[in-house]
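J.: Here it is, the structure in full.
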Amino acid sequence: MPATFRIWRGDDGNCAYEDYRVDVDDGMVVLDVVHKIQAEQAPDLACRWNCKAGKCGSCSAEINGKPKLMCMTRVGDLDLSQPVTIEPMQAFPHIRDLVTDVSWNYRVKEKIKPFKPRQPDAPDGTWRMAQSDVERPQEFRKCIECFLCQDVCHVLRDHHKHDEFIGPRFLVYTAALEMHPLDTEDRVADLKNRDGVGYCNITKCCTKVCPEHITITDNAIIPLKERVVDEFYDPLTRLFRIFKPRKK
Amino acid sequence: MGWQTRECDVLVIGAGGAGLRAAVEASAAGARVTVLSKSLLGKAHTVMAEGGMAASMGHVDDRDNWKVHVTDTLRGGQYLNNWRMAELHAQQAPDRVRELEAWGALFDRTPDGRILQRNFGGHRYPRLAHVGDRTGLEMIRTLQDHGIHQGIDFLMETTVVRLLKDGDRVAGAFAYDRERGRFHVVKAKAIVMATGGIGRAFKVTSNSWEYTGDGHTLALMAGAELVDMEFVQFHPTGMVWPPSVKGILVTEGVRGEGGILKNSEGRRFMFDDIPPLYVDQTADTPEEGWRYVTGDKEARRPPELLTRDHVARKIVKEVKEGRGSPHGGAFLDIAWIKENIKDSETHIKKKLPSMYHQFKELAGVDITKEPMEVGPTTHYVMGGIKVDADTQMSKVPGLFACGECCGGLHGANRLGGNSLSDLLVFGKIAGEAAATYAGQHGEVTIDEGQIGEVETMTLAPMERSGGENPYAIQHELQDVMQDLVGIARVESEMAEALEKIAKLRHRADCVSAPGNREYNPGWHTALDLDHLLMISESVARSALGRRESRGAHSRIDHMDKDEQLGTVNTITRLSGDGSLSTEHVPVMGKTAELESLVKEMG
Ligand SMILES: Cc1cc2nc3c(=O)[nH]c(=O)nc-3n(C[C@H](O)[C@H](O)[C@H](O)COP(=O)(O)OP(=O)(O)OC[C@H]3O[C@@H](n4cnc5c(N)ncnc54)[C@H](O)[C@@H]3O)c2cc1C
Ligand code: SF4
Ligand code: SF4
Ligand code: FES
């Protein structure tokens, strides 16, 4: 069936929507349509992709204004009576067509204190962990770094607080480290002072777009906020902590 | 426009599991390391691996040890493996997996809190450390998050076009970045190739756009040899419908968890034909098979867990004989376990979460209730750069290789799960050896003329106008390889394929890629063609010369094994005039100890 795809094209601020008429079928995903346009109409149409199976987090874009993975959005689920718009993510600097400069994310991650395990539990240098204790951080480790949550978060998207707020992706990352059963590092002061966890006002927009269905706000961000409160604002706990160091 | 130059001791090309592991090791050994990759960090193919990584830790069945693992690997590879590599791999894999845990990886656990291991085809005991069905993600993220704190210089979205040499030695690489199309020359005393596979040469594949065989051909052009290129693994279970997802992988973990294969008549056809080498290890009844997947140590594995080459051929046979599923595959059923397990729906979603989502979202199929339709897909290349087992160095001084682009470990057929552990074991060895080499050898010099030539060649497709569309040639090549050098091969068809590849070669020399240098996929595709065409020719030539069926290579015109060919590997070389030639050489790394081990383990 015929459909129109309206794609944001261009670079260096010299951009416009361009319409492409394509014959599509139900089983196709939006990434297939982009590839078809590349192969038949616009060989230089820029987009990122790798796995085409929702596993690598490369093909993030905004489809009809919604942040999504192009490879996991079926054409059959879109309203084809209207042109379907495909735009690059808005929270990052534009490079060309559907590609944005996501390098800020990589720089943010480098600043977060790395994993620091406790001494091994067994003489052979290994650890023991119960499945029930690894499940929470395992949820966070499902993250495919698609950065769709960063894209949708108003603190980054509308208020451009990239220098003061690490965004939901890296709150999830920090939560995975903080809740790792073996980790001994303390990142709570950084969360408050440098990473801007306080900017998040729990709108849950990030959770809604996460293709891995990570409950970012409830399971990662809120517990981190609680740790910050515990450590910095609750006088009783603070007093208590002078005598007894914080335990994971 | 020229190029920017940077220098390092060890240049690692590729940021998958193998490249990252090599970089971490080289850096730990004190070398200055630069890593180049075509994609962003963390997006390499390794991220897609699902089932797990094989290491004989014996956490689930304590009868397991490296000796069993090496014999399984050799049997799976039909004894064409580099035996020494198989030995090193089996011995070192457990330590490499534990190391990942020390760097933050969180594997699924046994009841006593150790790393859990699961069953996989061709492995005698439960051996695969895993995290649900996203083990590759866990591995690459762990290496990435560890690696970014080791002072390694990462250049993302930067593709190597040619290696540069200083006399016999490798001396660096010429690359372009996708973002701006700028050129980079990286001078290096040693280079580690870790570029992955060649799946894009075929039409139906589980592999991404990156898998154009770059590392294989870059090494050939630099004077190295390839080994075993006829052995391309067709994974038995890829998605077959809808058309746009055809080829996407359905993890073997589905069968490891009890999934069974059926034809349109509802028959569990895998029981019909068990290869002699495996009769003793295979269940006699469905009931015994179920006991095996649920951990009964006395039971033998169900026939669905036979090696990939065998399962793939059986599915093709059912389809050819008219007993396939509606879209030309077989039925893979995990939903049936509800007969044996109470809350099977939750169980399946927990054990196979990404398979559940993949089918739900891409095919509208609920795998907890309905069977999946599956068929073979091009998945992995056993063949690769020929190296010395203990150092991973190729014939070219200073050029090392590890991971999927390196040949030898897997022989005629790779066992599932042996790749992820391969990346770690040989990534480490290569990184270490490359750092040592760099420490022992002086600076390199690269003459500008050499660089200028590569620059001109790289720009050519963009400067040419009115030529053919590179995508058209890529698609035609994929059809040729799929139809003529695929899962069932015949002499006449492969000869035809070689003729067609030669013609495509001429056409590829005149493609044009309109647009400018910034993030221009047409241009990138044009440059990839060189690699795809050369690697396809190498596969076809190697396959033509092996007049027998063995492992992943099956010949309709030579259905049986040939005893003499069972003792040799095929080598591919590139000569000065640009032509490829092949030669058979004796299998490598065999020792009396290993031979008696194989006999003893049966
Ligand atoms: C869907 C799927 C599931 C799998 N599941 C399993 C499993 O469960 N267990 C298992 O053991 N194996 C599995 N495999 C196989 C395994 O994942 C791969 O063989 C392995 O990850 C390859 O790793 P690598 O490090 O060699 O290469 P990759 O991870 O592919 O990395 C290659 C790197 O090289 C870079 N590169 C390539 N060419 C160039 C160039 N010209 N210039 C610069 N950089 C370049 C790429 O950008 C990339 O960074 C699976 C494979 C697939 C496709
Ligand atoms: S919940 Fe917080 S992090 Fe998530 S989108 Fe809203 S403000 Fe941003
Ligand atoms: S948390 Fe979810 S949305 Fe955010 S980067 Fe990870 S996978 Fe993407
Ligand atoms: S291409 Fe990998 S997530 Fe879409």
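Following the order of the structure tokens, first chain is A, next is B, and so on, with residues numbered from 1 inside each chain and ligands from 1 in the order they appear.
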May I have the residues within 10 Å of ligand 3, computed using only C-alpha atoms and all ligand atoms, as an MDAnalysis selection string?

T.: chainID A and resid 54:58 60 67:69 105 139:152 167:173 205:217 220

J.: Which polymer residues have any atom within 12 Å of an atom of range 486-488 of chain B, counting only C-alpha atoms, with same-chain residues fewer than 6 positions away left out, as number ranges by chain?

T.: B: 199, 201-205, 230-236, 308-317, 320, 375-379, 478-480, 494, 497, 536, 539-540, 543, 548-559

J.: Report as a CSV table (one decimal) with N, CA, C and O atoms, in the first residue's frame all protein, DNA and RNA residues lying within 10 Å of range 362-364 of chain B, evaluated on only C-alpha atoms, omitting residues in the same chain fewer than 3 positions from it.

T.:
chain,number,residue,atom,x,y,z
A,27,GLY,N,3.9,-5.8,7.6
A,27,GLY,CA,5.0,-6.4,8.4
A,27,GLY,C,6.2,-5.5,8.5
A,27,GLY,O,7.1,-5.8,9.3
A,28,MET,N,6.3,-4.4,7.7
A,28,MET,CA,7.5,-3.6,7.7
A,28,MET,C,7.6,-2.8,9.0
A,28,MET,O,6.6,-2.4,9.6
A,29,VAL,N,8.8,-2.5,9.4
A,29,VAL,CA,9.0,-1.5,10.4
A,29,VAL,C,9.6,-0.2,9.8
A,29,VAL,O,10.0,-0.2,8.6
A,53,ALA,N,16.7,-5.3,15.7
A,53,ALA,CA,15.9,-6.2,16.6
A,53,ALA,C,15.8,-5.6,18.0
A,53,ALA,O,15.6,-6.3,18.9
A,54,GLY,N,15.9,-4.3,18.1
A,54,GLY,CA,15.7,-3.6,19.4
A,54,GLY,C,16.7,-4.0,20.4
A,54,GLY,O,16.4,-3.9,21.6
A,71,CYS,N,13.4,0.5,14.5
A,71,CYS,CA,13.4,-0.9,14.1
A,71,CYS,C,12.3,-1.7,14.8
A,71,CYS,O,12.0,-2.8,14.5
A,72,MET,N,11.7,-1.1,15.8
A,72,MET,CA,10.6,-1.8,16.6
A,72,MET,C,9.3,-1.1,16.4
A,72,MET,O,8.3,-1.4,17.1
A,73,THR,N,9.2,-0.2,15.4
A,73,THR,CA,7.9,0.5,15.2
A,73,THR,C,7.3,-0.1,13.9
A,73,THR,O,7.8,0.2,12.8
A,74,ARG,N,6.2,-0.8,14.0
A,74,ARG,CA,5.6,-1.4,12.8
A,74,ARG,C,4.8,-0.4,12.1
A,74,ARG,O,4.0,0.3,12.6
B,239,MET,N,14.0,-15.8,12.3
B,239,MET,CA,12.6,-15.5,12.0
B,239,MET,C,12.4,-15.7,10.5
B,239,MET,O,13.3,-15.4,9.7
B,240,VAL,N,11.2,-16.1,10.1
B,240,VAL,CA,10.9,-16.2,8.6
B,240,VAL,C,9.8,-15.2,8.2
B,240,VAL,O,9.6,-15.0,7.0
B,241,TRP,N,9.1,-14.7,9.2
B,241,TRP,CA,8.0,-13.9,8.8
B,241,TRP,C,7.8,-12.8,9.9
B,241,TRP,O,8.0,-13.2,11.1
B,242,PRO,N,7.3,-11.6,9.6
B,242,PRO,CA,7.1,-11.0,8.3
B,242,PRO,C,8.4,-10.8,7.5
B,242,PRO,O,9.5,-10.9,8.1
B,243,PRO,N,8.3,-10.6,6.2
B,243,PRO,CA,9.4,-10.6,5.3
B,243,PRO,C,10.5,-9.6,5.8
B,243,PRO,O,11.7,-9.9,5.7
B,244,SER,N,10.1,-8.5,6.3
B,244,SER,CA,11.1,-7.5,6.7
B,244,SER,C,12.0,-7.9,7.9
B,244,SER,O,13.0,-7.4,8.1
B,245,VAL,N,11.5,-8.9,8.7
B,245,VAL,CA,12.4,-9.4,9.8
B,245,VAL,C,13.0,-10.7,9.5
B,245,VAL,O,13.7,-11.2,10.3
B,357,HIS,N,9.4,-10.4,23.6
B,357,HIS,CA,9.1,-9.1,23.0
B,357,HIS,C,9.3,-9.1,21.5
B,357,HIS,O,8.6,-8.5,20.7
B,358,GLN,N,10.4,-9.7,21.0
B,358,GLN,CA,10.7,-9.7,19.6
B,358,GLN,C,9.5,-10.3,18.8
B,358,GLN,O,9.1,-9.7,17.8
B,359,PHE,N,9.0,-11.4,19.2
B,359,PHE,CA,7.9,-12.0,18.5
B,359,PHE,C,6.6,-11.2,18.7
B,359,PHE,O,5.8,-11.0,17.7
B,367,ILE,N,4.6,-16.1,22.1
B,367,ILE,CA,5.3,-17.4,22.2
B,367,ILE,C,5.0,-18.2,23.4
B,367,ILE,O,5.3,-19.4,23.4
B,372,MET,N,6.5,-20.6,17.1
B,372,MET,CA,7.1,-19.6,16.2
B,372,MET,C,7.4,-20.3,14.9
B,372,MET,O,7.5,-21.5,14.9
B,373,GLU,N,7.5,-19.5,13.8
B,373,GLU,CA,8.0,-20.1,12.6
B,373,GLU,C,9.4,-19.7,12.4
B,373,GLU,O,9.8,-18.5,12.5

J.: Using CA of Thr307 in chain B and CA of Arg141 in chain B as the two end points, give the distance in Å to one decimal.

T.: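 Those two atoms sit 29.0 Å apart.
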
J.: Considering only C-alpha atoms, state which residue in the set A:Val188, A:Ile202, A:Met129, A:Ile86 is at the smallest distance from chain B.

T.: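 Once distances to chain B are computed over only C-alpha atoms, the minimum belongs to A:Met129.
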
J.: Where in range 251-359 of chain B does DSSP assign helix (DSSP H, G or I), given as a PyMOL selection string?

T.: chain B and resi 253-256+269-272+276-281+286-293+303-305+308-320+335-339+344-351+353-359

J.: Can you pull out the residues contacting Val197 in chain A? Cut-off 12 Å, using only C-alpha atoms, and skip same-chain residues under 3 positions away; I want them as a VMD selection string.

T.: chain A and resid 155 161 164 to 172 174 to 175 187 to 194 200 to 202 217 220 to 229

J.: Give me, as CSV, each residue of chain B that comes within 6 Å of ligand 1, together with its shortest interatomic pair and the distance in Å at one decimal, counting only C-alpha atoms and all ligand atoms, with rows ordered by chain and rising residue number.

T.:
residue,atom,partner,partner_atom_place_in_ligand_line,distance
B:Ile13,CA,ligand 1,44 (N),5.0
B:Gly14,CA,ligand 1,34 (O),3.1
B:Ala15,CA,ligand 1,49 (O),3.6
B:Gly16,CA,ligand 1,29 (O),3.2
B:Gly17,CA,ligand 1,25 (O),4.0
B:Ala18,CA,ligand 1,25 (O),3.7
B:Gly19,CA,ligand 1,25 (O),5.5
B:Leu36,CA,ligand 1,43 (C),5.1
B:Ser37,CA,ligand 1,44 (N),3.5
B:Lys38,CA,ligand 1,47 (O),3.6
B:Ser39,CA,ligand 1,47 (O),4.7
B:Ala44,CA,ligand 1,48 (C),4.4
B:His45,CA,ligand 1,30 (O),3.8
B:Thr46,CA,ligand 1,21 (O),3.2
B:Met48,CA,ligand 1,1 (C),4.8
B:Ala49,CA,ligand 1,5 (N),3.2
B:Glu50,CA,ligand 1,8 (O),4.0
B:Gly51,CA,ligand 1,8 (O),3.3
B:Gly52,CA,ligand 1,8 (O),4.4
B:Met53,CA,ligand 1,11 (O),5.0
B:Thr158,CA,ligand 1,43 (C),5.8
B:Thr159,CA,ligand 1,42 (N),3.6
B:Val160,CA,ligand 1,42 (N),3.8
B:Val161,CA,ligand 1,41 (N),6.0
B:Ala194,CA,ligand 1,26 (O),5.3
B:Thr195,CA,ligand 1,34 (O),3.3
B:Gly196,CA,ligand 1,27 (O),3.5
B:Ser206,CA,ligand 1,53 (C),5.0
B:Asn207,CA,ligand 1,53 (C),4.9
B:Glu210,CA,ligand 1,37 (C),5.8
B:Asp214,CA,ligand 1,41 (N),4.9
B:Gly215,CA,ligand 1,38 (N),5.9
B:Leu249,CA,ligand 1,1 (C),4.9
B:His379,CA,ligand 1,53 (C),5.8
B:Gly403,CA,ligand 1,26 (O),3.5
B:Glu404,CA,ligand 1,26 (O),3.9
B:Cys405,CA,ligand 1,26 (O),5.9
B:Gly416,CA,ligand 1,9 (N),5.3
B:Gly417,CA,ligand 1,11 (O),3.1
B:Asn418,CA,ligand 1,11 (O),4.5
B:Ser419,CA,ligand 1,11 (O),3.5
B:Leu420,CA,ligand 1,11 (O),3.7
B:Leu423,CA,ligand 1,25 (O),5.8

J.: Would you put the residues from that selection into a file with C-alpha atoms, as a PDB file, in the first residue's frame?

T.:
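Final file, result.pdb:
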ATOM      1  CA  ILE B  13      40.216  -2.166  14.991  1.00  0.00           C
ATOM      2  CA  GLY B  14      36.784  -3.058  16.322  1.00  0.00           C
ATOM      3  CA  ALA B  15      34.990  -2.426  19.602  1.00  0.00           C
ATOM      4  CA  GLY B  16      33.037  -5.636  20.054  1.00  0.00           C
ATOM      5  CA  GLY B  17      33.840  -8.086  22.825  1.00  0.00           C
ATOM      6  CA  ALA B  18      37.128  -9.116  21.229  1.00  0.00           C
ATOM      7  CA  GLY B  19      38.382  -5.613  20.487  1.00  0.00           C
ATOM      8  CA  LEU B  36      38.460   2.434  16.108  1.00  0.00           C
ATOM      9  CA  SER B  37      34.954   1.227  15.392  1.00  0.00           C
ATOM     10  CA  LYS B  38      32.391   1.708  12.678  1.00  0.00           C
ATOM     11  CA  SER B  39      29.553   2.264  15.134  1.00  0.00           C
ATOM     12  CA  ALA B  44      28.908  -3.716  18.001  1.00  0.00           C
ATOM     13  CA  HIS B  45      27.500  -7.072  17.119  1.00  0.00           C
ATOM     14  CA  THR B  46      28.430  -8.546  20.452  1.00  0.00           C
ATOM     15  CA  MET B  48      23.140  -8.903  20.052  1.00  0.00           C
ATOM     16  CA  ALA B  49      24.373 -12.197  21.427  1.00  0.00           C
ATOM     17  CA  GLU B  50      21.672 -13.841  23.415  1.00  0.00           C
ATOM     18  CA  GLY B  51      22.260 -17.304  24.736  1.00  0.00           C
ATOM     19  CA  GLY B  52      25.444 -17.146  26.729  1.00  0.00           C
ATOM     20  CA  MET B  53      29.155 -17.825  26.885  1.00  0.00           C
ATOM     21  CA  THR B 158      35.418   5.687  12.235  1.00  0.00           C
ATOM     22  CA  THR B 159      35.876   3.084   9.515  1.00  0.00           C
ATOM     23  CA  VAL B 160      39.218   1.702   8.400  1.00  0.00           C
ATOM     24  CA  VAL B 161      39.625   1.623   4.622  1.00  0.00           C
ATOM     25  CA  ALA B 194      38.663  -7.481  15.828  1.00  0.00           C
ATOM     26  CA  THR B 195      36.186  -6.596  13.122  1.00  0.00           C
ATOM     27  CA  GLY B 196      33.710  -9.479  13.373  1.00  0.00           C
ATOM     28  CA  SER B 206      21.125 -12.236  11.503  1.00  0.00           C
ATOM     29  CA  ASN B 207      24.030  -9.830  11.036  1.00  0.00           C
ATOM     30  CA  GLU B 210      28.779  -3.748   9.863  1.00  0.00           C
ATOM     31  CA  ASP B 214      36.399  -5.721   6.425  1.00  0.00           C
ATOM     32  CA  GLY B 215      38.936  -7.237   8.786  1.00  0.00           C
ATOM     33  CA  LEU B 249      17.858 -14.583  15.220  1.00  0.00           C
ATOM     34  CA  HIS B 379      24.871 -16.237  11.309  1.00  0.00           C
ATOM     35  CA  GLY B 403      37.174 -12.746  17.720  1.00  0.00           C
ATOM     36  CA  GLU B 404      34.976 -13.656  14.799  1.00  0.00           C
ATOM     37  CA  CYS B 405      37.362 -12.259  12.151  1.00  0.00           C
ATOM     38  CA  GLY B 416      26.764 -21.919  20.365  1.00  0.00           C
ATOM     39  CA  GLY B 417      28.270 -19.988  23.232  1.00  0.00           C
ATOM     40  CA  ASN B 418      31.824 -20.660  22.108  1.00  0.00           C
ATOM     41  CA  SER B 419      32.045 -17.304  20.425  1.00  0.00           C
ATOM     42  CA  LEU B 420      31.567 -15.052  23.426  1.00  0.00           C
ATOM     43  CA  LEU B 423      36.288 -13.119  22.284  1.00  0.00           C
TER      44      LEU B 423
END

J.: Could you check the closest approach to chain A for each of B:Asp528, B:Glu463, B:Asp273, B:Asp112 and tell me which residue wins, using only C-alpha atoms?

T.: B:Asp112

J.: Using the chain letters and numbers from this document, which residues of range 81-262 of chain B does DSSP assign to strand (DSSP E or B), as a PyMOL selection string?

T.: chain B and resi 109+115+117-118+128-129+153-155+158-166+169-177+183-193+205+226-227+232-239+249+260-262

J.: Find the residue from B:Ser208, B:Gln281, B:Gln78, B:Gln474 that sits nearest to chain A; use only C-alpha atoms when measuring.

T.: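 Counting only C-alpha atoms, the residue closest to chain A is B:Ser208.
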